[in-house]
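Here is structure.cif, consisting of mmCIF, C-alpha atoms:
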data_final
loop_
_atom_site.label_atom_id
_atom_site.label_comp_id
_atom_site.auth_asym_id
_atom_site.auth_seq_id
_atom_site.Cartn_x
_atom_site.Cartn_y
_atom_site.Cartn_z
CA MET R 1 -17.12 3.18 -9.43
CA THR R 2 -16.55 5.40 -12.43
CA ALA R 3 -15.17 8.85 -13.03
CA THR R 4 -15.14 11.57 -15.64
CA VAL R 5 -12.23 13.94 -15.16
CA SER R 6 -10.03 15.88 -17.50
CA ALA R 7 -6.32 15.15 -17.91
CA GLY R 8 -5.78 17.95 -15.44
CA GLY R 9 -8.03 16.30 -12.87
CA VAL R 10 -10.84 17.67 -10.74
CA PRO R 11 -10.49 19.89 -7.67
CA GLN R 12 -8.87 17.92 -4.90
CA GLY R 13 -11.43 16.18 -2.73
CA ALA R 14 -14.20 16.32 -5.34
CA GLU R 15 -15.69 13.02 -6.39
CA PRO R 16 -15.51 12.20 -10.10
CA ALA R 17 -18.89 11.98 -11.81
CA GLY R 18 -20.16 8.79 -13.40
CA ALA R 19 -19.10 7.87 -16.94
CA GLY R 20 -19.80 5.25 -19.55
CA HIS R 21 -16.44 3.65 -20.27
CA PRO R 22 -16.50 -0.09 -21.02
CA ASP R 23 -16.14 -2.40 -18.05
CA PRO R 24 -12.48 -3.35 -17.61
CA LEU R 25 -10.86 -6.77 -17.73
CA PHE R 26 -8.61 -7.88 -14.88
CA ILE R 27 -6.03 -10.66 -15.07
CA LEU R 28 -5.88 -12.37 -11.67
CA SER R 29 -2.85 -14.44 -10.73
CA PRO R 30 -0.05 -14.69 -8.19
CA PRO R 31 3.37 -13.37 -9.25
CA ARG R 32 5.44 -15.14 -11.92
CA SER R 33 2.41 -16.55 -13.77
CA PHE R 34 2.92 -15.18 -17.31
CA SER R 35 0.61 -12.28 -16.53
CA THR R 36 2.79 -9.59 -18.15
CA ILE R 37 3.13 -11.46 -21.45
CA THR R 38 -0.61 -12.25 -21.33
CA LEU R 39 -1.40 -8.57 -20.89
CA ALA R 40 0.96 -7.58 -23.71
CA LEU R 41 -0.65 -10.10 -26.06
CA LEU R 42 -4.16 -8.89 -25.30
CA ALA R 43 -3.08 -5.26 -25.73
CA GLY R 44 -2.38 -6.01 -29.38
CA HIS R 45 -6.11 -6.05 -30.12
CA PRO R 46 -7.31 -2.77 -31.66
CA ARG R 47 -10.15 -2.50 -29.12
CA ILE R 48 -8.04 -3.15 -26.01
CA PHE R 49 -5.74 -0.88 -24.03
CA GLY R 50 -3.39 -2.74 -21.71
CA PHE R 51 -2.10 -0.94 -18.61
CA PRO R 52 1.07 -1.88 -16.74
CA GLU R 53 0.73 -2.79 -13.06
CA MET R 54 -1.31 -0.01 -11.47
CA LEU R 55 -1.41 -1.19 -7.82
CA VAL R 56 -5.05 -0.09 -7.77
CA PHE R 57 -6.11 -2.36 -4.95
CA ALA R 58 -2.81 -2.60 -3.08
CA ASN R 59 -3.46 0.76 -1.41
CA ASP R 60 -6.59 2.59 -0.30
CA THR R 61 -5.65 6.07 -1.47
CA VAL R 62 -3.16 7.80 -3.74
CA GLY R 63 -1.50 9.16 -0.61
CA ASP R 64 -0.87 5.58 0.54
CA LEU R 65 0.89 4.96 -2.76
CA VAL R 66 3.03 8.08 -3.11
CA GLY R 67 3.14 9.68 0.35
CA GLU R 68 6.31 9.59 2.40
CA ASP R 69 4.25 8.39 5.35
CA GLY R 70 1.91 6.21 3.26
CA ALA R 71 1.42 2.47 3.32
CA GLU R 72 3.98 1.83 0.56
CA ALA R 73 6.65 3.77 2.45
CA GLU R 74 6.02 1.63 5.52
CA ARG R 75 6.21 -1.65 3.59
CA PHE R 76 9.03 -1.21 1.09
CA PRO R 77 12.50 0.37 0.84
CA PRO R 78 12.81 3.46 -1.39
CA ALA R 79 14.43 1.74 -4.38
CA TYR R 80 11.72 -0.91 -4.55
CA ARG R 81 9.01 1.72 -4.12
CA ARG R 82 10.30 3.52 -7.21
CA THR R 83 10.10 0.31 -9.18
CA ARG R 84 6.54 -0.35 -8.04
CA LEU R 85 5.42 3.21 -8.70
CA SER R 86 6.75 3.28 -12.25
CA GLY R 87 3.81 1.29 -13.64
CA VAL R 88 1.08 3.76 -12.73
CA CYS R 89 3.28 6.75 -13.57
CA ARG R 90 4.16 5.52 -17.03
CA ALA R 91 0.49 4.65 -17.67
CA LEU R 92 -0.52 8.21 -16.79
CA ALA R 93 2.32 9.65 -18.86
CA GLN R 94 1.39 7.59 -21.91
CA VAL R 95 -2.32 8.38 -21.73
CA HIS R 96 -1.90 12.06 -20.79
CA GLU R 97 0.97 12.92 -23.12
CA GLY R 98 1.51 10.02 -25.51
CA GLU R 99 5.06 9.43 -24.28
CA GLN R 100 7.02 8.03 -21.35
CA THR R 101 10.01 10.35 -21.18
CA ALA R 102 11.51 11.18 -17.80
CA ASP R 103 9.75 14.56 -17.84
CA ALA R 104 6.38 13.05 -18.74
CA VAL R 105 6.71 10.42 -16.00
CA ALA R 106 7.72 13.10 -13.49
CA ARG R 107 4.63 15.13 -14.41
CA ALA R 108 2.52 12.00 -13.95
CA GLU R 109 3.93 11.48 -10.48
CA GLU R 110 3.25 15.11 -9.63
CA TRP R 111 -0.33 14.64 -10.88
CA LEU R 112 -0.69 11.84 -8.35
CA ARG R 113 0.86 13.80 -5.51
CA LYS R 114 -1.74 16.54 -5.97
CA ARG R 115 -4.51 14.01 -5.29
CA PRO R 116 -3.54 12.23 -2.04
CA ASP R 117 -7.17 11.79 -0.94
CA TRP R 118 -8.32 10.08 -4.13
CA PRO R 119 -9.29 6.42 -3.70
CA MET R 120 -7.01 4.43 -5.97
CA PRO R 121 -9.85 3.18 -8.24
CA TRP R 122 -10.47 6.81 -9.22
CA VAL R 123 -7.05 6.82 -10.89
CA LEU R 124 -7.97 3.79 -12.94
CA ASP R 125 -11.39 5.28 -13.72
CA HIS R 126 -9.67 8.43 -14.94
CA LEU R 127 -7.54 6.41 -17.34
CA LEU R 128 -10.43 4.20 -18.44
CA ASP R 129 -12.36 7.32 -19.36
CA LEU R 130 -9.47 8.68 -21.39
CA VAL R 131 -8.87 5.48 -23.37
CA SER R 132 -12.59 4.80 -23.90
CA PRO R 133 -14.11 3.29 -26.04
CA LEU R 134 -11.20 0.85 -25.71
CA ILE R 135 -11.49 -1.85 -23.06
CA GLY R 136 -8.91 -1.35 -20.33
CA VAL R 137 -7.02 -4.43 -19.12
CA GLU R 138 -4.99 -4.45 -15.91
CA LYS R 139 -3.11 -6.95 -13.82
CA THR R 140 -1.34 -6.54 -10.51
CA PRO R 141 -0.44 -9.61 -8.41
CA ASP R 142 -1.08 -7.56 -5.27
CA THR R 143 -4.79 -7.63 -6.15
CA VAL R 144 -4.99 -11.28 -5.13
CA ALA R 145 -2.55 -11.08 -2.21
CA THR R 146 -5.28 -10.47 0.37
CA ASP R 147 -9.02 -11.01 0.70
CA GLU R 148 -9.47 -7.28 1.20
CA SER R 149 -7.70 -6.33 -2.03
CA LEU R 150 -9.60 -8.79 -4.19
CA ASP R 151 -12.91 -7.87 -2.56
CA GLN R 152 -12.20 -4.22 -3.27
CA CYS R 153 -11.59 -5.04 -6.93
CA LEU R 154 -14.95 -6.76 -7.27
CA ARG R 155 -16.79 -4.06 -5.31
CA SER R 156 -15.28 -1.31 -7.45
CA TYR R 157 -15.98 -3.06 -10.76
CA PRO R 158 -18.85 -5.50 -10.22
CA ASN R 159 -19.47 -5.92 -13.95
CA ALA R 160 -15.85 -6.38 -14.97
CA ARG R 161 -14.51 -9.51 -16.66
CA TYR R 162 -11.80 -11.60 -15.02
CA ILE R 163 -9.20 -14.01 -16.35
CA HIS R 164 -7.91 -16.47 -13.78
CA LEU R 165 -4.40 -17.14 -15.07
CA THR R 166 -2.53 -20.16 -13.74
CA ARG R 167 0.96 -21.61 -13.95
CA HIS R 168 2.41 -24.94 -12.82
CA PRO R 169 3.19 -24.73 -9.07
CA VAL R 170 6.78 -25.94 -9.35
CA THR R 171 7.90 -23.60 -12.13
CA THR R 172 6.01 -20.70 -10.55
CA GLN R 173 7.75 -21.15 -7.23
CA ARG R 174 11.19 -21.64 -8.76
CA SER R 175 10.68 -18.31 -10.50
CA MET R 176 9.48 -16.68 -7.28
CA HIS R 177 12.58 -17.93 -5.43
CA SER R 178 14.82 -15.83 -7.67
CA GLN R 179 12.69 -12.70 -7.36
CA ASN R 180 13.68 -9.75 -5.16
CA GLU R 181 16.59 -11.58 -3.57
CA GLN R 182 18.07 -8.22 -2.56
CA TYR R 183 15.03 -7.58 -0.35
CA LEU R 184 14.26 -11.11 0.86
CA THR R 185 17.74 -12.41 1.57
CA HIS R 186 16.72 -15.37 3.72
CA ARG R 187 16.13 -18.36 1.43
CA LYS R 188 13.65 -20.03 3.78
CA VAL R 189 11.56 -16.86 3.84
CA ARG R 190 11.45 -16.80 0.02
CA VAL R 191 10.59 -20.49 -0.25
CA VAL R 192 7.77 -20.44 2.31
CA GLY R 193 6.49 -17.14 0.95
CA ALA R 194 6.40 -18.49 -2.60
CA ALA R 195 4.44 -21.60 -1.62
CA SER R 196 1.97 -19.60 0.43
CA SER R 197 1.55 -17.00 -2.31
CA TRP R 198 0.84 -19.59 -5.00
CA TYR R 199 -1.58 -21.62 -2.90
CA LEU R 200 -3.48 -18.86 -1.10
CA SER R 201 -3.78 -16.60 -4.15
CA HIS R 202 -5.33 -19.31 -6.29
CA ARG R 203 -7.69 -20.44 -3.54
CA ARG R 204 -8.73 -16.83 -3.04
CA ILE R 205 -9.35 -16.33 -6.77
CA MET R 206 -11.32 -19.56 -7.08
CA ARG R 207 -13.50 -18.78 -4.08
CA THR R 208 -14.22 -15.24 -5.21
CA LEU R 209 -14.85 -15.89 -8.89
CA GLY R 210 -16.98 -18.88 -8.02
CA GLU R 211 -19.56 -16.44 -6.66
CA LEU R 212 -19.83 -14.58 -9.98
CA PRO R 213 -21.86 -15.50 -13.06
CA GLN R 214 -19.83 -17.78 -15.32
CA ARG R 215 -19.96 -15.26 -18.16
CA GLN R 216 -17.76 -12.87 -16.16
CA TRP R 217 -14.67 -15.05 -15.87
CA MET R 218 -12.59 -17.72 -17.51
CA ARG R 219 -9.57 -19.75 -16.43
CA ILE R 220 -6.51 -20.17 -18.63
CA ARG R 221 -3.24 -22.03 -18.11
CA GLY R 222 -0.46 -19.59 -18.88
CA GLU R 223 1.65 -22.31 -20.48
CA ASP R 224 -1.15 -23.03 -22.97
CA LEU R 225 -1.54 -19.38 -23.93
CA VAL R 226 2.18 -18.82 -24.44
CA ASN R 227 2.65 -22.02 -26.44
CA GLU R 228 -0.53 -21.76 -28.52
CA PRO R 229 -1.31 -18.04 -28.52
CA ARG R 230 -3.61 -18.01 -31.55
CA VAL R 231 -5.81 -20.77 -30.17
CA TRP R 232 -6.20 -19.23 -26.75
CA LEU R 233 -6.37 -15.60 -27.83
CA ARG R 234 -9.25 -16.49 -30.14
CA ARG R 235 -11.06 -18.16 -27.23
CA ILE R 236 -10.57 -15.08 -25.06
CA LEU R 237 -11.73 -12.74 -27.81
CA ASP R 238 -14.79 -14.83 -28.51
CA TRP R 239 -15.65 -14.68 -24.81
CA LEU R 240 -15.20 -10.89 -24.88
CA GLU R 241 -17.24 -10.71 -28.10
CA LEU R 242 -14.37 -9.03 -29.99
CA ASP R 243 -13.11 -9.63 -33.52
CA SER R 244 -10.72 -12.57 -33.73
CA ASP R 245 -9.89 -12.88 -37.43
CA GLU R 246 -6.42 -13.78 -38.67
CA ALA R 247 -5.40 -10.17 -39.26
CA VAL R 248 -6.18 -9.33 -35.64
CA LEU R 249 -4.33 -12.39 -34.36
CA ASP R 250 -1.33 -11.54 -36.55
CA ARG R 251 -1.14 -8.23 -34.76
CA MET R 252 -1.65 -9.68 -31.27
CA VAL R 253 1.19 -12.20 -31.38
CA HIS R 254 3.74 -9.40 -31.31
CA PRO R 255 3.80 -8.39 -27.63
CA GLU R 256 6.85 -6.24 -28.27
CA SER R 257 4.47 -3.74 -29.91
CA TRP R 258 2.79 -2.95 -26.59
CA PRO R 259 3.66 0.68 -25.68
CA PHE R 260 4.94 -0.50 -22.30
CA ALA R 261 7.00 -3.46 -23.57
CA ASN R 262 10.31 -1.82 -22.66
CA ASN R 263 12.00 0.07 -19.87
CA GLY R 264 11.01 3.45 -21.27
CA PRO R 265 12.99 5.72 -23.61
CA GLU R 266 15.47 6.56 -20.86
CA GLY R 267 15.39 3.23 -19.01
CA GLY R 268 14.43 2.46 -15.44
CA LEU R 269 10.69 1.94 -15.98
CA PHE R 270 8.85 -1.25 -15.14
CA GLY R 271 5.27 -2.15 -14.20
CA GLY R 272 5.42 -5.92 -14.52
CA ASP R 273 7.92 -8.67 -15.25
CA HIS R 274 11.43 -7.21 -15.38
CA LYS R 275 12.64 -9.99 -17.67
CA PHE R 276 9.89 -9.31 -20.19
CA PHE R 277 10.61 -5.58 -20.27
CA SER R 278 14.27 -6.32 -20.96
CA ALA R 279 13.49 -8.74 -23.80
CA PRO R 280 9.82 -8.41 -24.84
CA GLU R 281 9.40 -11.47 -27.00
CA LEU R 282 6.90 -14.31 -27.25
CA ARG R 283 8.90 -17.36 -26.22
CA PRO R 284 7.40 -20.86 -25.91
CA VAL R 285 7.96 -22.58 -22.57
CA PRO R 286 8.76 -26.26 -21.94
CA ASP R 287 6.06 -28.62 -20.76
CA PRO R 288 6.29 -28.36 -16.96
CA GLY R 289 5.64 -32.08 -16.54
CA PRO R 290 4.06 -33.72 -13.49
CA VAL R 291 3.63 -32.00 -10.15
CA GLU R 292 6.77 -33.13 -8.37
CA PHE R 293 7.96 -30.71 -5.73
CA ASP R 294 11.59 -30.23 -4.78
CA LEU R 295 11.92 -31.79 -1.34
CA GLY R 296 14.95 -29.58 -0.83
CA TRP R 297 12.51 -26.75 -0.27
CA ASP R 298 11.93 -28.39 3.12
CA LEU R 299 8.25 -27.50 3.32
CA PRO R 300 5.78 -29.35 5.57
CA ASP R 301 4.27 -32.47 4.01
CA GLU R 302 0.79 -31.04 4.46
CA MET R 303 1.74 -28.03 2.34
CA TYR R 304 3.01 -30.29 -0.45
CA LYS R 305 -0.24 -32.28 -0.32
CA ARG R 306 -2.44 -29.20 -0.47
CA MET R 307 -0.49 -27.69 -3.36
CA ALA R 308 -0.64 -30.97 -5.29
CA ALA R 309 -4.40 -31.20 -4.78
CA LEU R 310 -4.90 -27.62 -5.93
CA ALA R 311 -2.64 -28.14 -8.94
CA HIS R 312 -4.83 -31.06 -9.94
CA GLU R 313 -7.93 -28.86 -9.70
CA LEU R 314 -6.21 -26.33 -11.96
CA GLY R 315 -5.42 -28.93 -14.62
CA TYR R 316 -1.82 -29.86 -13.79
#
As structure tokens:
Amino acid sequence: MTATVSAGGVPQGAEPAGAGHPDPLFILSPPRSFSTITLALLAGHPRIFGFPEMLVFANDTVGDLVGEDGAEAERFPPAYRRTRLSGVCRALAQVHEGEQTADAVARAEEWLRKRPDWPMPWVLDHLLDLVSPLIGVEKTPDTVATDESLDQCLRSYPNARYIHLTRHPVTTQRSMHSQNEQYLTHRKVRVVGAASSWYLSHRRIMRTLGELPQRQWMRIRGEDLVNEPRVWLRRILDWLELDSDEAVLDRMVHPESWPFANNGPEGGLFGGDHKFFSAPELRPVPDPGPVEFDLGWDLPDEMYKRMAALAHELGY
């Protein structure tokens, strides 16, 4: 699915015409898997444009995303909706106007509200056209949260490339447990949800990518990329058939240079890992060690066994 539309858009309800932008690259992972820092590193390449979280496949239409009676409004409280929406709005503001001021972001949101019937991939197509010939890269954990969302991603972009990004199950889940505590106040709900998210998301990714030609995807341990960025960035660039000389790598290892590696000029903008946006630096992480789950999580033994087996498959 591709689109050619001006920054002002096409008449509401009209279908964008086909275009020739490069096929995008999607980073697939559950939450808290180093996906934001991975995106910021890749965005340092002169032929790549990295988008913040666009929620492209989390909703069917733009109206579901921004409408007061849309799917997002039914699922999330207003404050959290604003946080989620900031990624796509700041992407539109940056590409349309070259800045992410409050006024530019407000105009981006208004641009969306005028197109409630647009399928969400049209928004991404619009941006891909505008940044072409750069390769657009996007990551949103919601993409792998359901079979339907991931299937929609592959149907919309059948020739895209995909990075399956992994992280050790124990450190991933510890990070998930501290996320959104104001919305998920029951600890047991957070613990069970984190285990299910890690396990089901990776199984879903593995099953789906396994049906694609090998040239379209690669798997990377997030810990390896963060700790040895030059080694792993070069491997990714070689796979993408992009320049990977030392000058390029020197530029890429500064994720703080990504236009979205902050909370915006007036604060309050996100579109990924809140901690990264507050301190956008490349920081090595400790070796996560063996897969030894915290029995204090009080999960069923079968869940521990399944997660351990999957972790082994993923190289942990």
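Distance-wise, atom CA of Arg84 of chain R and atom CA of His177 of chain R end up 18.8 Å apart.
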Next on the checklist: Using all atoms listed in the file, which protein or nucleic acid residues come within 10 Å of segment 197-210 of chain R? Drop anything in the same chain fewer than 4 positions from it, and give the result as a PyMOL selection string.
Outcome noted: chain R and resi 28-33+141-147+150-151+154+162-170+172-173+176+191-193+214+216-219+303+306-308+310-311+314
Checklist entry - Can you list, as a PyMOL selection string, every protein, DNA or RNA residue that comes within 10 Å of segment 235-238 of chain R when you count all atoms listed in the file, leaving out same-chain residues fewer than 3 positions away? => result chain R and resi 42+45+163+218-220+229-232+241-245+249
Next on the checklist: So that I can check the surroundings of Leu41 of chain R, please list as a PyMOL selection string every protein, DNA and RNA residue that reaches within 7 Å of it, counting only C-alpha atoms and ignoring chain neighbours fewer than 5 positions away.
Outcome noted: chain R and resi 252-255
Checklist entry - Pick the closest to Pro290 of chain R from R:Trp239, R:Tyr316, R:Phe51, R:Phe260: which is it, counting all atoms listed in the file? => result R:Tyr316
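Run against this file, the PyMOL selection byres ((chain R and resi 61) around 8) gives back Asn59, Asp60, Val62, Gly63, Asp64, Leu65, Pro116, Asp117, Trp118, Pro119 and Met120 of chain R.
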Give me the segment 69-106 of chain R side of the contact with segment 264-274 of chain R, cut-off 7 Å, one line per residue showing its nearest atom pair and distance in Å at one decimal, counting all atoms listed in the file, sorted by chain and residue number, as JSON lines.
{"residue": "R:Thr83", "atom": "CA", "partner": "R:Phe270", "partner_atom": "CA", "distance": 6.3}
{"residue": "R:Arg84", "atom": "CA", "partner": "R:Gly271", "partner_atom": "CA", "distance": 6.5}
{"residue": "R:Ser86", "atom": "CA", "partner": "R:Leu269", "partner_atom": "CA", "distance": 5.6}
{"residue": "R:Gly87", "atom": "CA", "partner": "R:Gly271", "partner_atom": "CA", "distance": 3.8}
{"residue": "R:Gln100", "atom": "CA", "partner": "R:Gly264", "partner_atom": "CA", "distance": 6.1}
{"residue": "R:Thr101", "atom": "CA", "partner": "R:Pro265", "partner_atom": "CA", "distance": 6.0}
{"residue": "R:Ala102", "atom": "CA", "partner": "R:Glu266", "partner_atom": "CA", "distance": 6.8}
Checklist outcome for this item: What separates atom CA of Val123 of chain R and atom CA of Ile135 of chain R is a distance of 15.6 Å
Might you pull out every residue within 12 Å of His96 of chain R, with only C-alpha atoms counted and same-chain residues fewer than 2 positions away left off, and present them as a PDB file with C-alpha atoms, in the frame of the given file?
ATOM      1  CA  VAL R   5     -12.230  13.940 -15.160  1.00  0.00           C
ATOM      2  CA  SER R   6     -10.030  15.880 -17.500  1.00  0.00           C
ATOM      3  CA  ALA R   7      -6.320  15.150 -17.910  1.00  0.00           C
ATOM      4  CA  GLY R   8      -5.780  17.950 -15.440  1.00  0.00           C
ATOM      5  CA  GLY R   9      -8.030  16.300 -12.870  1.00  0.00           C
ATOM      6  CA  VAL R  88       1.080   3.760 -12.730  1.00  0.00           C
ATOM      7  CA  CYS R  89       3.280   6.750 -13.570  1.00  0.00           C
ATOM      8  CA  ARG R  90       4.160   5.520 -17.030  1.00  0.00           C
ATOM      9  CA  ALA R  91       0.490   4.650 -17.670  1.00  0.00           C
ATOM     10  CA  LEU R  92      -0.520   8.210 -16.790  1.00  0.00           C
ATOM     11  CA  ALA R  93       2.320   9.650 -18.860  1.00  0.00           C
ATOM     12  CA  GLN R  94       1.390   7.590 -21.910  1.00  0.00           C
ATOM     13  CA  GLY R  98       1.510  10.020 -25.510  1.00  0.00           C
ATOM     14  CA  GLU R  99       5.060   9.430 -24.280  1.00  0.00           C
ATOM     15  CA  GLN R 100       7.020   8.030 -21.350  1.00  0.00           C
ATOM     16  CA  ALA R 104       6.380  13.050 -18.740  1.00  0.00           C
ATOM     17  CA  VAL R 105       6.710  10.420 -16.000  1.00  0.00           C
ATOM     18  CA  ARG R 107       4.630  15.130 -14.410  1.00  0.00           C
ATOM     19  CA  ALA R 108       2.520  12.000 -13.950  1.00  0.00           C
ATOM     20  CA  GLU R 109       3.930  11.480 -10.480  1.00  0.00           C
ATOM     21  CA  TRP R 111      -0.330  14.640 -10.880  1.00  0.00           C
ATOM     22  CA  HIS R 126      -9.670   8.430 -14.940  1.00  0.00           C
ATOM     23  CA  LEU R 127      -7.540   6.410 -17.340  1.00  0.00           C
ATOM     24  CA  LEU R 128     -10.430   4.200 -18.440  1.00  0.00           C
ATOM     25  CA  ASP R 129     -12.360   7.320 -19.360  1.00  0.00           C
ATOM     26  CA  LEU R 130      -9.470   8.680 -21.390  1.00  0.00           C
ATOM     27  CA  VAL R 131      -8.870   5.480 -23.370  1.00  0.00           C
TER      28      VAL R 131
END
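Between atom CA of Asp294 of chain R and atom CA of Ile37 of chain R the interatomic distance comes to 26.5 Å.
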